[in-house]
Number of protein chains: 2
Amino acid sequence: MPSPVTPPRGMRDILPADKARREALLATIRDTYRRHGFDEIETPVMEDSSRLHAGLGGDNEKLAFAVMKRGLTPDDLRSATAPLDLADLGLRFDLTVPLARFYASNRAELPSVFRAIQIAPVWRAERPQKGRYRQFVQCDIDIIGEPGVIAEIELIAATVDALDALGVPGCTIRINDRRLLTSMLAALGFPADQADAVLITLDKLDKIGVDGVLAELRERGLPEAAVAALAEVPALRAAAAGDSATSAVTADAIRASLPAGIDETAVADLAAIADAVGADVPLAFDPFLVRGMGYYTGPIFEVAHPQLGYSLGGGGRYDGMIGRFAGTDVAACGFSLGFERLVDLVTSSQDARGGSALVVDKDVDAADTIALKRMLVASGERVRIVARIKNMRALLERLEADGYTRFASVRAGERDVAALQWRALGE
Amino acid sequence: MPSPVTPPRGMRDILPADKARREALLATIRDTYRRHGFDEIETPVMEDSSRLHAGLGGDNEKLAFAVMKRGLTPDDLRSATAPLDLADLGLRFDLTVPLARFYASNRAELPSVFRAIQIAPVWRAERPQKGRYRQFVQCDIDIIGEPGVIAEIELIAATVDALDALGVPGCTIRINDRRLLTSMLAALGFPADQADAVLITLDKLDKIGVDGVLAELRERGLPEAAVAALAEVPALRAAAAGDSATSAVTADAIRASLPAGIDETAVADLAAIADAVGADVPLAFDPFLVRGMGYYTGPIFEVAHPQLGYSLGGGGRYDGMIGRFAGTDVAACGFSLGFERLVDLVTSSQDARGGSALVVDKDVDAADTIALKRMLVASGERVRIVARIKNMRALLERLEADGYTRFASVRAGERDVAALQWRALGE
């Protein structure tokens with residue numbers, strides 16, 4: 001058994017100053033997305049186990065916490081052949097599967113193009129590491145019912161605005177398209193049924209480099225001619241030479257990075273997105289951006305930050321998923337920010353909570369203390385009552401650390417808030 | 001298997017208008033509590049199973065959702081003799097057990113008197129009923145480290161302010177004290193080891209009436225002399241005669257309601273609380289208020305509303321609980337509001353979300369549309385893009401229902417936000 005007072009493994013308590021900072025950042029994100037026409041919704045933290053394990057969550061599905069059926073008998077336990085036989089619910093591992101289920105359930109009550117905000121925790125039973133938690137907050141926006149690139153454009157514009165509002169400068173939105181990836185692999189001669197395997201390897205380019213990717217593809221027994229052709233793709237040659245594989249998002253630059261035979265609709269879509277979001281949005285074409293999830297069907301994107309080796313968020317078009325729940329095809333596209341990573345990046349300015357502290361002598365009547373407090377609260381102040389102690393210095397330091405900006409002593413018989421003598425804290 | 005697109009049993013999706021209303025109410029509560037000097041914290045939604053089942057949750061403990069251990073083998077399943085053998089975590093059923101654990105874990109970093117806000121969901125596998133959900137939000141404030149009644153006074157003042165700010169008038173705070181209950185039962189001749197059983201029956205007074213309570217106590221084999229003495233308690237006689245058992249909270253009124261021999265410290269504490277919160281706070285002494293949880297040690301309270309047969313919230317002093325986690329005794333007192341019940345009570349004013357809609361013709365360029373949108377967003381507007389459809393009436397009704405207040409048509413070539421002609425919605 002772990003120490004009896006720590007949170008569960010990989011999970012955290014959030015203390016007042018951190019909580020205040022997190023809520024302020026969330027309010028900024030929420031407000032930006034709201035002004036961009038997105039509406040906040042909420043789903044239960046649990047979904048039916050069968051839905052979570054329907055194959056839409058990739059590797060994350062395996063990391064889902066399973067919730068046991070209620071009322072299980074010893075017989076039920078004995079007759080179970082796998083743990084999931086005993087679970088009917090699970091904690092969501094992302095916000096996309098619940099959104100698809102939500103939309104299918106409530107579409108009659110939603111606008112025909114529905115722009116959703118979800119700001120909520122998700123859970124994954126990952127091996128805990130520095131900065132990786134088993135409960136963490138995601139901030140998702142999704143547009144459902146819009147098949148055109150205007151959806152991607154609205155998502156990117158809103159996300160860039162949110163990053164600006166948070167004061168996280170210097171981010172780049174890397175963009176690619178699943179159709180470019182699959183058409184490129186077909187053009188190079190990879191069999192269609194091995195495309196997913198090739199993408200899994202290609203996704204490791206950042207970690208294992210060009211030589212590592214080519215070697216792994218050969219080890220996996222993929223056709224040598226196709227692997228050799230991949231090695232000659234201009235963007236991969238550039239990466240091998242130590243140049244950046246990313247480029248500007250124009251039709252010409254995309255074509256110049258890739259082999260002949262790529263999907264021209266995807267090229268046109270990416271160019272249209274870049275044109276519409278404008279030159280002030282830092283967009284870069286990354287021909288080897290893959291995104292792990294298999295459900296993407298069109299443009300995909302990720303937020304890269306110069307100081308970080310991992311992305312701050314990402315998303316893409318997933319036109320096939322909602323249909324799995326709704327029964328008919330529905331276009332969909334989303335962008336997810338990893339809130340925990342943003343919190344770490346945004347260096348908090350001074351805690352701006354403010355407030356007044358009443359330092360109360362031992363012999364002061366409780367009724368008098370509370371009357372003074374209520375007068376101050378009614379005037380809009382944040383007020384804390386503290387008992388006077390011998391070590392006034394420690395007391396005042398504590399108040400200052402907790403964001404209070406002034407204090408007054410309350411003596412016995414004091415009933416008039418106007419008569420209090422205020423002294424500044426932290427000066 | 002349930003219908004594939006509904007939320008899990010007893011849980012709900014929250015749609016945009018409801019979500020906006022809920023967030024507005026939560027902001028009101030949060031702001032009121034913050035001004036009263038409480039600081040918001042957050043704990044993980046899961047706690048170690050052994051902690052949740054440590055006997056501090058009463059009946060709620062039995063309703064906890066259990067989270068399975070990861071990596072269970074078929075052997076593990078076969079050798080389990082009870083479901084909880086397979087669970088290491090559980091979803092919290094209230095916010096009090098997590099708070100006690102939080103405080104024990106983090107007390108070195110908290111002020112010596114710690115005032116906590118927790119606004120968060122909890123889960124109980126209850127039989128779903130109208131208005132009773134398996135995931136619901138609680139709003140708790142707690143004061144830890146203050147043994148005197150100033151804690152109760154601050155809690156009641158903050159709660160009454162929050163109810164006022166929400167626009168829920170007419171509430172009464174019913175108050176009693178566990179020490180009064182136990183001293184009364186001792187004075188009447190009930191054996192100390194049967195006090196809990198008597199309280200469980202007494203707690204049903206509202207439902208089964210005085211005769212029902214006395215009959216049940218006799219059925220349970222409690223001493224006839226004590227039951228007969230209970231029947232003569234002035235407040236119970238008043239209730240039997242159809243009069244209210246509640247009275248003003250003064251020492252004289254409390255003594256007049258109860259038999260001789262009751263705990264005089266409790267009488268003095270209740271009177272001091274009433275004196276300090278002032279005549280404008282609607283406080284009533286309810287000698288038969290019990291509160292289900294066994295962990296209460298002093299004053300207890302509940303919010304009663306004239307239109308409702310159930311309470312909107314409640315709390316009390318629980319000086320023994322934190323010590324179970326912290327190792328040393330720590331005074332504690334809390335008040336919990338049931339948010340779902342408040343949401344139902346607060347009749348929402350008109351949705352005040354506001355905003356501007358751009359009704360876009362089919363041949364308008366995406367880049368032009370997004371440029372117009374960004375100009376409006378930058379000026380602080382909430383903006384939704386909608387494609388023009390034949391049924392404009394339905395489109396405008398939808399926008400109005402979603403809180404938008406004006407719209408403008410966008411024609412091909414339109415790039416100037418100042419040239420848009422706005423028309424009001426909903427007039």
# chains A, B, ... in the order shown; residues from 1 in each chain; ligands from 1
call {"tool": "interface_residues", "arguments": {"of": "chain A", "to": "chain B", "cutoff": "6 Å", "atoms": "only C-alpha atoms", "output": "PDB file with N, CA, C and O atoms, in the first residue's frame"}}
result
ATOM      1  N   VAL A   5      -1.353   9.139   2.505  1.00  0.00           N
ATOM      2  CA  VAL A   5      -1.878  10.480   2.237  1.00  0.00           C
ATOM      3  C   VAL A   5      -1.463  11.060   0.884  1.00  0.00           C
ATOM      4  O   VAL A   5      -1.737  12.209   0.608  1.00  0.00           O
ATOM      5  N   THR A   6      -0.812  10.292   0.050  1.00  0.00           N
ATOM      6  CA  THR A   6      -0.462  10.818  -1.275  1.00  0.00           C
ATOM      7  C   THR A   6      -1.589  10.541  -2.255  1.00  0.00           C
ATOM      8  O   THR A   6      -2.372   9.617  -2.071  1.00  0.00           O
ATOM      9  N   PRO A   8      -3.290   9.159  -5.765  1.00  0.00           N
ATOM     10  CA  PRO A   8      -2.957   7.934  -6.505  1.00  0.00           C
ATOM     11  C   PRO A   8      -1.774   8.170  -7.441  1.00  0.00           C
ATOM     12  O   PRO A   8      -1.534   9.292  -7.896  1.00  0.00           O
ATOM     13  N   ASP A  13      -2.424  16.609  -6.513  1.00  0.00           N
ATOM     14  CA  ASP A  13      -3.226  17.622  -5.837  1.00  0.00           C
ATOM     15  C   ASP A  13      -2.847  18.977  -6.421  1.00  0.00           C
ATOM     16  O   ASP A  13      -1.674  19.225  -6.706  1.00  0.00           O
ATOM     17  N   ILE A  14      -3.826  19.861  -6.558  1.00  0.00           N
ATOM     18  CA  ILE A  14      -3.528  21.197  -7.057  1.00  0.00           C
ATOM     19  C   ILE A  14      -3.813  22.199  -5.950  1.00  0.00           C
ATOM     20  O   ILE A  14      -4.947  22.328  -5.489  1.00  0.00           O
ATOM     21  N   LEU A  15      -2.745  22.900  -5.528  1.00  0.00           N
ATOM     22  CA  LEU A  15      -2.844  23.823  -4.396  1.00  0.00           C
ATOM     23  C   LEU A  15      -3.382  25.187  -4.830  1.00  0.00           C
ATOM     24  O   LEU A  15      -3.435  25.468  -6.023  1.00  0.00           O
ATOM     25  N   PRO A  16      -3.803  26.016  -3.863  1.00  0.00           N
ATOM     26  CA  PRO A  16      -4.516  27.254  -4.213  1.00  0.00           C
ATOM     27  C   PRO A  16      -3.852  28.130  -5.274  1.00  0.00           C
ATOM     28  O   PRO A  16      -4.513  28.543  -6.228  1.00  0.00           O
ATOM     29  N   LYS A  19      -4.005  26.415  -8.590  1.00  0.00           N
ATOM     30  CA  LYS A  19      -5.387  26.309  -9.055  1.00  0.00           C
ATOM     31  C   LYS A  19      -5.851  27.656  -9.618  1.00  0.00           C
ATOM     32  O   LYS A  19      -6.492  27.705 -10.674  1.00  0.00           O
ATOM     33  N   ARG A  35     -15.420  33.445 -28.382  1.00  0.00           N
ATOM     34  CA  ARG A  35     -15.547  34.540 -29.337  1.00  0.00           C
ATOM     35  C   ARG A  35     -15.406  34.045 -30.777  1.00  0.00           C
ATOM     36  O   ARG A  35     -15.981  34.623 -31.691  1.00  0.00           O
ATOM     37  N   HIS A  36     -14.694  32.949 -30.961  1.00  0.00           N
ATOM     38  CA  HIS A  36     -14.597  32.367 -32.299  1.00  0.00           C
ATOM     39  C   HIS A  36     -15.828  31.531 -32.650  1.00  0.00           C
ATOM     40  O   HIS A  36     -15.815  30.792 -33.634  1.00  0.00           O
ATOM     41  N   GLY A  37     -16.868  31.621 -31.863  1.00  0.00           N
ATOM     42  CA  GLY A  37     -18.132  30.975 -32.219  1.00  0.00           C
ATOM     43  C   GLY A  37     -18.266  29.532 -31.775  1.00  0.00           C
ATOM     44  O   GLY A  37     -19.188  28.839 -32.203  1.00  0.00           O
ATOM     45  N   ASP A  39     -19.032  26.635 -28.877  1.00  0.00           N
ATOM     46  CA  ASP A  39     -19.909  26.524 -27.701  1.00  0.00           C
ATOM     47  C   ASP A  39     -19.437  25.395 -26.805  1.00  0.00           C
ATOM     48  O   ASP A  39     -19.209  24.281 -27.272  1.00  0.00           O
ATOM     49  N   GLU A  40     -19.375  25.676 -25.511  1.00  0.00           N
ATOM     50  CA  GLU A  40     -18.867  24.647 -24.593  1.00  0.00           C
ATOM     51  C   GLU A  40     -19.927  23.603 -24.276  1.00  0.00           C
ATOM     52  O   GLU A  40     -21.109  23.924 -24.088  1.00  0.00           O
ATOM     53  N   ILE A  41     -19.499  22.369 -24.248  1.00  0.00           N
ATOM     54  CA  ILE A  41     -20.372  21.254 -23.849  1.00  0.00           C
ATOM     55  C   ILE A  41     -19.647  20.433 -22.790  1.00  0.00           C
ATOM     56  O   ILE A  41     -18.476  20.669 -22.495  1.00  0.00           O
ATOM     57  N   GLU A  42     -20.361  19.461 -22.240  1.00  0.00           N
ATOM     58  CA  GLU A  42     -19.747  18.585 -21.239  1.00  0.00           C
ATOM     59  C   GLU A  42     -20.343  17.195 -21.391  1.00  0.00           C
ATOM     60  O   GLU A  42     -21.547  17.054 -21.603  1.00  0.00           O
ATOM     61  N   THR A  43     -19.506  16.201 -21.284  1.00  0.00           N
ATOM     62  CA  THR A  43     -19.987  14.813 -21.301  1.00  0.00           C
ATOM     63  C   THR A  43     -19.560  14.148 -19.999  1.00  0.00           C
ATOM     64  O   THR A  43     -18.654  14.636 -19.319  1.00  0.00           O
ATOM     65  N   GLU A  47     -17.556   6.498 -20.195  1.00  0.00           N
ATOM     66  CA  GLU A  47     -18.317   6.051 -21.350  1.00  0.00           C
ATOM     67  C   GLU A  47     -18.469   4.533 -21.240  1.00  0.00           C
ATOM     68  O   GLU A  47     -17.692   3.869 -20.536  1.00  0.00           O
ATOM     69  N   ASP A  48     -19.449   4.001 -21.970  1.00  0.00           N
ATOM     70  CA  ASP A  48     -19.596   2.546 -21.974  1.00  0.00           C
ATOM     71  C   ASP A  48     -18.293   1.910 -22.465  1.00  0.00           C
ATOM     72  O   ASP A  48     -17.678   2.371 -23.418  1.00  0.00           O
ATOM     73  N   ALA A  66     -10.481   0.962 -16.372  1.00  0.00           N
ATOM     74  CA  ALA A  66     -11.754   0.238 -16.487  1.00  0.00           C
ATOM     75  C   ALA A  66     -12.524   0.313 -15.174  1.00  0.00           C
ATOM     76  O   ALA A  66     -11.947   0.152 -14.099  1.00  0.00           O
ATOM     77  N   VAL A  67     -13.818   0.569 -15.258  1.00  0.00           N
ATOM     78  CA  VAL A  67     -14.667   0.670 -14.075  1.00  0.00           C
ATOM     79  C   VAL A  67     -15.499  -0.603 -13.957  1.00  0.00           C
ATOM     80  O   VAL A  67     -16.171  -1.017 -14.909  1.00  0.00           O
ATOM     81  N   MET A  68     -15.434  -1.229 -12.780  1.00  0.00           N
ATOM     82  CA  MET A  68     -16.071  -2.539 -12.586  1.00  0.00           C
ATOM     83  C   MET A  68     -17.588  -2.441 -12.594  1.00  0.00           C
ATOM     84  O   MET A  68     -18.169  -1.466 -12.102  1.00  0.00           O
ATOM     85  N   PRO A  74     -19.085 -13.674  -6.572  1.00  0.00           N
ATOM     86  CA  PRO A  74     -17.884 -14.525  -6.705  1.00  0.00           C
ATOM     87  C   PRO A  74     -17.948 -15.389  -7.971  1.00  0.00           C
ATOM     88  O   PRO A  74     -16.919 -15.618  -8.619  1.00  0.00           O
ATOM     89  N   LEU A  77     -16.766 -13.446 -10.913  1.00  0.00           N
ATOM     90  CA  LEU A  77     -15.310 -13.321 -10.934  1.00  0.00           C
ATOM     91  C   LEU A  77     -14.681 -14.593 -11.496  1.00  0.00           C
ATOM     92  O   LEU A  77     -13.790 -14.545 -12.343  1.00  0.00           O
ATOM     93  N   ARG A  78     -15.178 -15.746 -11.018  1.00  0.00           N
ATOM     94  CA  ARG A  78     -14.597 -17.027 -11.452  1.00  0.00           C
ATOM     95  C   ARG A  78     -14.802 -17.261 -12.941  1.00  0.00           C
ATOM     96  O   ARG A  78     -13.954 -17.814 -13.617  1.00  0.00           O
ATOM     97  N   THR A  81     -13.082 -14.425 -18.160  1.00  0.00           N
ATOM     98  CA  THR A  81     -11.850 -14.894 -18.802  1.00  0.00           C
ATOM     99  C   THR A  81     -10.885 -13.743 -19.084  1.00  0.00           C
ATOM    100  O   THR A  81      -9.720 -13.976 -19.353  1.00  0.00           O
ATOM    101  N   ARG A 101     -19.806  10.438 -29.754  1.00  0.00           N
ATOM    102  CA  ARG A 101     -20.979   9.846 -29.121  1.00  0.00           C
ATOM    103  C   ARG A 101     -22.000  10.926 -28.761  1.00  0.00           C
ATOM    104  O   ARG A 101     -23.206  10.795 -29.001  1.00  0.00           O
ATOM    105  N   SER A 105     -25.821  11.454 -30.293  1.00  0.00           N
ATOM    106  CA  SER A 105     -26.954  11.405 -29.360  1.00  0.00           C
ATOM    107  C   SER A 105     -27.796  12.679 -29.413  1.00  0.00           C
ATOM    108  O   SER A 105     -29.015  12.626 -29.235  1.00  0.00           O
ATOM    109  N   ILE A 150     -12.821  25.549 -44.703  1.00  0.00           N
ATOM    110  CA  ILE A 150     -13.145  26.642 -43.790  1.00  0.00           C
ATOM    111  C   ILE A 150     -13.101  26.143 -42.340  1.00  0.00           C
ATOM    112  O   ILE A 150     -12.743  26.887 -41.422  1.00  0.00           O
ATOM    113  N   ALA A 276      -5.791  31.475 -46.555  1.00  0.00           N
ATOM    114  CA  ALA A 276      -6.860  32.087 -45.765  1.00  0.00           C
ATOM    115  C   ALA A 276      -6.409  32.494 -44.366  1.00  0.00           C
ATOM    116  O   ALA A 276      -6.865  33.503 -43.831  1.00  0.00           O
ATOM    117  N   ALA A 366     -16.604  36.997  18.345  1.00  0.00           N
ATOM    118  CA  ALA A 366     -16.801  36.426  17.012  1.00  0.00           C
ATOM    119  C   ALA A 366     -17.826  37.220  16.218  1.00  0.00           C
ATOM    120  O   ALA A 366     -17.681  37.408  15.003  1.00  0.00           O
ATOM    121  N   ALA A 367     -18.857  37.693  16.896  1.00  0.00           N
ATOM    122  CA  ALA A 367     -19.895  38.457  16.197  1.00  0.00           C
ATOM    123  C   ALA A 367     -19.325  39.740  15.607  1.00  0.00           C
ATOM    124  O   ALA A 367     -19.659  40.119  14.478  1.00  0.00           O
ATOM    125  N   VAL A 377     -16.631  42.157   2.655  1.00  0.00           N
ATOM    126  CA  VAL A 377     -17.046  41.267   1.565  1.00  0.00           C
ATOM    127  C   VAL A 377     -18.119  41.947   0.720  1.00  0.00           C
ATOM    128  O   VAL A 377     -18.085  41.892  -0.516  1.00  0.00           O
ATOM    129  N   GLU A 381     -14.495  43.100  -1.505  1.00  0.00           N
ATOM    130  CA  GLU A 381     -13.168  42.640  -1.097  1.00  0.00           C
ATOM    131  C   GLU A 381     -13.129  41.126  -0.912  1.00  0.00           C
ATOM    132  O   GLU A 381     -14.125  40.513  -0.538  1.00  0.00           O
ATOM    133  N   ARG A 382     -11.963  40.561  -1.127  1.00  0.00           N
ATOM    134  CA  ARG A 382     -11.670  39.201  -0.685  1.00  0.00           C
ATOM    135  C   ARG A 382     -11.054  39.327   0.706  1.00  0.00           C
ATOM    136  O   ARG A 382     -10.095  40.088   0.892  1.00  0.00           O
ATOM    137  N   VAL A 383     -11.612  38.630   1.674  1.00  0.00           N
ATOM    138  CA  VAL A 383     -11.236  38.860   3.071  1.00  0.00           C
ATOM    139  C   VAL A 383     -10.858  37.558   3.767  1.00  0.00           C
ATOM    140  O   VAL A 383     -11.572  36.562   3.652  1.00  0.00           O
ATOM    141  N   ARG A 384      -9.752  37.573   4.478  1.00  0.00           N
ATOM    142  CA  ARG A 384      -9.387  36.428   5.314  1.00  0.00           C
ATOM    143  C   ARG A 384      -9.256  36.882   6.757  1.00  0.00           C
ATOM    144  O   ARG A 384      -8.646  37.903   7.046  1.00  0.00           O
TER     145      ARG A 384
END
call {"tool": "residues_around", "arguments": {"residues": "region 167-171 of chain A", "least_positions_apart": "4", "cutoff": "6 Å", "atoms": "only C-alpha atoms", "output": "ChimeraX atom specification"}}
result
/A:163,304-305
call {"tool": "write_last_selection", "arguments": {"atoms": "N, CA and C atoms", "output": "PDB file, in the first residue's frame"}}
result
ATOM      1  N   LEU A 163      -3.260  30.819 -28.276  1.00  0.00           N
ATOM      2  CA  LEU A 163      -1.840  30.807 -27.890  1.00  0.00           C
ATOM      3  C   LEU A 163      -1.324  32.226 -27.690  1.00  0.00           C
ATOM      4  N   ALA A 304       4.151  23.179 -32.747  1.00  0.00           N
ATOM      5  CA  ALA A 304       5.542  22.990 -32.324  1.00  0.00           C
ATOM      6  C   ALA A 304       6.027  24.253 -31.631  1.00  0.00           C
ATOM      7  N   HIS A 305       6.845  24.060 -30.611  1.00  0.00           N
ATOM      8  CA  HIS A 305       7.397  25.204 -29.892  1.00  0.00           C
ATOM      9  C   HIS A 305       8.908  25.068 -29.889  1.00  0.00           C
TER      10      HIS A 305
END
call {"tool": "residues_around", "arguments": {"residues": "Cys333 (chain B)", "least_positions_apart": "2", "cutoff": "12 Å", "atoms": "only C-alpha atoms", "output": "ChimeraX atom specification"}}
result
/B:96,99-100,113-116,140-156,295-301,314-322,330-331,335-336
call {"tool": "write_last_selection", "arguments": {"atoms": "C-alpha atoms", "output": "compact mmCIF listing (two decimals), in the first residue's frame"}}
result
# COMPACT_ATOMS: atom_id res chain seq x y z
CA THR B 96 -14.77 15.40 2.12
CA LEU B 99 -10.10 16.94 1.29
CA ALA B 100 -8.99 15.14 4.43
CA VAL B 113 -6.39 27.93 9.28
CA PHE B 114 -7.15 26.64 5.80
CA ARG B 115 -10.36 27.62 4.01
CA ALA B 116 -10.90 25.40 0.99
CA ASP B 140 -17.95 22.49 -0.85
CA ILE B 141 -16.34 24.96 1.48
CA ASP B 142 -14.41 23.71 4.47
CA ILE B 143 -12.42 25.35 7.26
CA ILE B 144 -9.64 23.23 8.68
CA GLY B 145 -7.67 24.11 11.80
CA GLU B 146 -10.23 26.35 13.53
CA PRO B 147 -11.79 24.73 16.62
CA GLY B 148 -14.05 27.68 17.54
CA VAL B 149 -17.53 28.51 16.24
CA ILE B 150 -16.08 31.33 14.13
CA ALA B 151 -15.62 28.54 11.55
CA GLU B 152 -19.34 27.69 11.54
CA ILE B 153 -20.17 31.37 11.40
CA GLU B 154 -17.91 32.00 8.39
CA LEU B 155 -19.33 28.94 6.60
CA ILE B 156 -22.95 29.97 7.15
CA TYR B 295 -18.42 11.54 11.43
CA TYR B 296 -20.05 14.75 12.69
CA THR B 297 -18.93 15.90 16.13
CA GLY B 298 -20.54 19.33 16.71
CA PRO B 299 -22.91 21.76 15.00
CA ILE B 300 -24.64 20.39 11.88
CA PHE B 301 -26.73 22.30 9.35
CA GLY B 314 -25.67 20.79 4.41
CA GLY B 315 -22.64 20.19 6.54
CA GLY B 316 -21.22 20.35 9.98
CA ARG B 317 -18.23 19.95 12.22
CA TYR B 318 -16.18 16.77 11.85
CA ASP B 319 -13.23 17.18 14.16
CA GLY B 320 -12.26 13.53 14.10
CA MET B 321 -11.79 12.87 10.41
CA ILE B 322 -8.66 14.75 9.37
CA VAL B 330 -7.23 18.73 13.44
CA ALA B 331 -10.48 20.65 13.83
CA PHE B 335 -20.67 23.10 4.11
CA SER B 336 -21.66 21.44 0.86
call {"tool": "atom_distance", "arguments": {"atom1": "CA of Leu312 (chain A)", "atom2": "CA of Leu26 (chain A)"}}
result
15.0 Å
call {"tool": "atom_distance", "arguments": {"atom1": "CA of Ser257 (chain B)", "atom2": "CA of Asp206 (chain B)"}}
result
17.3 Å
call {"tool": "residues_around", "arguments": {"residues": "region 177-193 of chain B", "least_positions_apart": "2", "cutoff": "10 Å", "atoms": "only C-alpha atoms", "output": "PyMOL selection string"}}
result
chain B and resi 175+195-199+222-233+254+258-267+269-270+285-291+294-301+316-317
call {"tool": "write_last_selection", "arguments": {"atoms": "C-alpha atoms", "output": "PDB file, in the first residue's frame"}}
result
ATOM      1  CA  ILE B 175     -29.108  23.913  12.598  1.00  0.00           C
ATOM      2  CA  ALA B 195     -27.479   5.955  20.110  1.00  0.00           C
ATOM      3  CA  ASP B 196     -26.562   5.498  16.439  1.00  0.00           C
ATOM      4  CA  ALA B 197     -29.520   3.159  15.875  1.00  0.00           C
ATOM      5  CA  VAL B 198     -31.881   5.669  17.491  1.00  0.00           C
ATOM      6  CA  LEU B 199     -30.492   8.483  15.337  1.00  0.00           C
ATOM      7  CA  LEU B 222     -35.129  -0.111  22.544  1.00  0.00           C
ATOM      8  CA  PRO B 223     -35.946   0.432  26.227  1.00  0.00           C
ATOM      9  CA  GLU B 224     -39.649   1.339  26.608  1.00  0.00           C
ATOM     10  CA  ALA B 225     -38.940   3.907  29.331  1.00  0.00           C
ATOM     11  CA  ALA B 226     -36.553   5.780  27.060  1.00  0.00           C
ATOM     12  CA  VAL B 227     -38.977   5.671  24.123  1.00  0.00           C
ATOM     13  CA  ALA B 228     -41.756   6.959  26.364  1.00  0.00           C
ATOM     14  CA  ALA B 229     -39.478   9.733  27.630  1.00  0.00           C
ATOM     15  CA  LEU B 230     -38.635  10.668  24.035  1.00  0.00           C
ATOM     16  CA  ALA B 231     -42.365  11.003  23.298  1.00  0.00           C
ATOM     17  CA  GLU B 232     -42.536  13.647  26.021  1.00  0.00           C
ATOM     18  CA  VAL B 233     -39.715  15.814  24.638  1.00  0.00           C
ATOM     19  CA  ILE B 254     -33.236  25.363  22.627  1.00  0.00           C
ATOM     20  CA  LEU B 258     -35.452  19.584  24.790  1.00  0.00           C
ATOM     21  CA  PRO B 259     -35.354  17.558  28.038  1.00  0.00           C
ATOM     22  CA  ALA B 260     -33.219  18.531  31.003  1.00  0.00           C
ATOM     23  CA  GLY B 261     -29.638  17.336  30.981  1.00  0.00           C
ATOM     24  CA  ILE B 262     -28.600  18.369  27.489  1.00  0.00           C
ATOM     25  CA  ASP B 263     -25.065  19.490  26.673  1.00  0.00           C
ATOM     26  CA  GLU B 264     -24.807  23.134  27.703  1.00  0.00           C
ATOM     27  CA  THR B 265     -21.652  23.800  25.667  1.00  0.00           C
ATOM     28  CA  ALA B 266     -23.573  22.904  22.526  1.00  0.00           C
ATOM     29  CA  VAL B 267     -26.434  25.194  23.574  1.00  0.00           C
ATOM     30  CA  ASP B 269     -22.256  27.385  20.753  1.00  0.00           C
ATOM     31  CA  LEU B 270     -25.503  27.408  18.778  1.00  0.00           C
ATOM     32  CA  PHE B 285     -33.078  25.287  15.417  1.00  0.00           C
ATOM     33  CA  ASP B 286     -34.184  21.786  14.398  1.00  0.00           C
ATOM     34  CA  PRO B 287     -33.736  19.421  17.368  1.00  0.00           C
ATOM     35  CA  PHE B 288     -34.323  16.382  15.122  1.00  0.00           C
ATOM     36  CA  LEU B 289     -31.898  17.247  12.368  1.00  0.00           C
ATOM     37  CA  VAL B 290     -29.480  14.294  12.327  1.00  0.00           C
ATOM     38  CA  ARG B 291     -27.474  14.306   9.036  1.00  0.00           C
ATOM     39  CA  GLY B 294     -21.518   9.348  11.448  1.00  0.00           C
ATOM     40  CA  TYR B 295     -18.423  11.537  11.426  1.00  0.00           C
ATOM     41  CA  TYR B 296     -20.054  14.749  12.687  1.00  0.00           C
ATOM     42  CA  THR B 297     -18.930  15.904  16.130  1.00  0.00           C
ATOM     43  CA  GLY B 298     -20.535  19.325  16.706  1.00  0.00           C
ATOM     44  CA  PRO B 299     -22.910  21.755  15.000  1.00  0.00           C
ATOM     45  CA  ILE B 300     -24.635  20.388  11.883  1.00  0.00           C
ATOM     46  CA  PHE B 301     -26.732  22.297   9.353  1.00  0.00           C
ATOM     47  CA  GLY B 316     -21.224  20.353   9.983  1.00  0.00           C
ATOM     48  CA  ARG B 317     -18.229  19.948  12.217  1.00  0.00           C
TER      49      ARG B 317
END
call {"tool": "select_by_dssp", "arguments": {"residues": "region 324-421 of chain A", "states": "helix (DSSP H, G or I)", "output": "ChimeraX atom specification"}}
result
/A:324-326,339-345,366-378,392-401,417-419
call {"tool": "atom_distance", "arguments": {"atom1": "CA of Ala239 (chain A)", "atom2": "CA of Val210 (chain A)"}}
result
7.1 Å
call {"tool": "closest_atom_pairs", "arguments": {"of": "region 326-399 of chain A", "to": "region 406-412 of chain A", "cutoff": "6 Å", "atoms": "only C-alpha atoms", "output": "tab-separated table"}}
result
residue	atom	partner	partner_atom	distance
A:Ser356	CA	A:Arg406	CA	5.1
A:Ala357	CA	A:Phe407	CA	4.5
A:Leu358	CA	A:Ala408	CA	5.3
A:Val359	CA	A:Ser409	CA	4.7
A:Val360	CA	A:Val410	CA	4.8
A:Asp361	CA	A:Arg411	CA	5.7
A:Asp363	CA	A:Ala412	CA	5.9
A:Val364	CA	A:Ala412	CA	4.3
call {"tool": "write_last_selection", "arguments": {"atoms": "C-alpha atoms", "output": "compact mmCIF listing (two decimals), in the first residue's frame"}}
result
# COMPACT_ATOMS: atom_id res chain seq x y z
CA SER A 356 -7.58 42.15 2.81
CA ALA A 357 -6.69 40.29 5.99
CA LEU A 358 -8.21 40.97 9.41
CA VAL A 359 -5.70 40.11 12.14
CA VAL A 360 -7.91 39.45 15.15
CA ASP A 361 -6.90 39.65 18.81
CA ASP A 363 -10.43 38.65 23.05
CA VAL A 364 -12.40 39.96 20.07
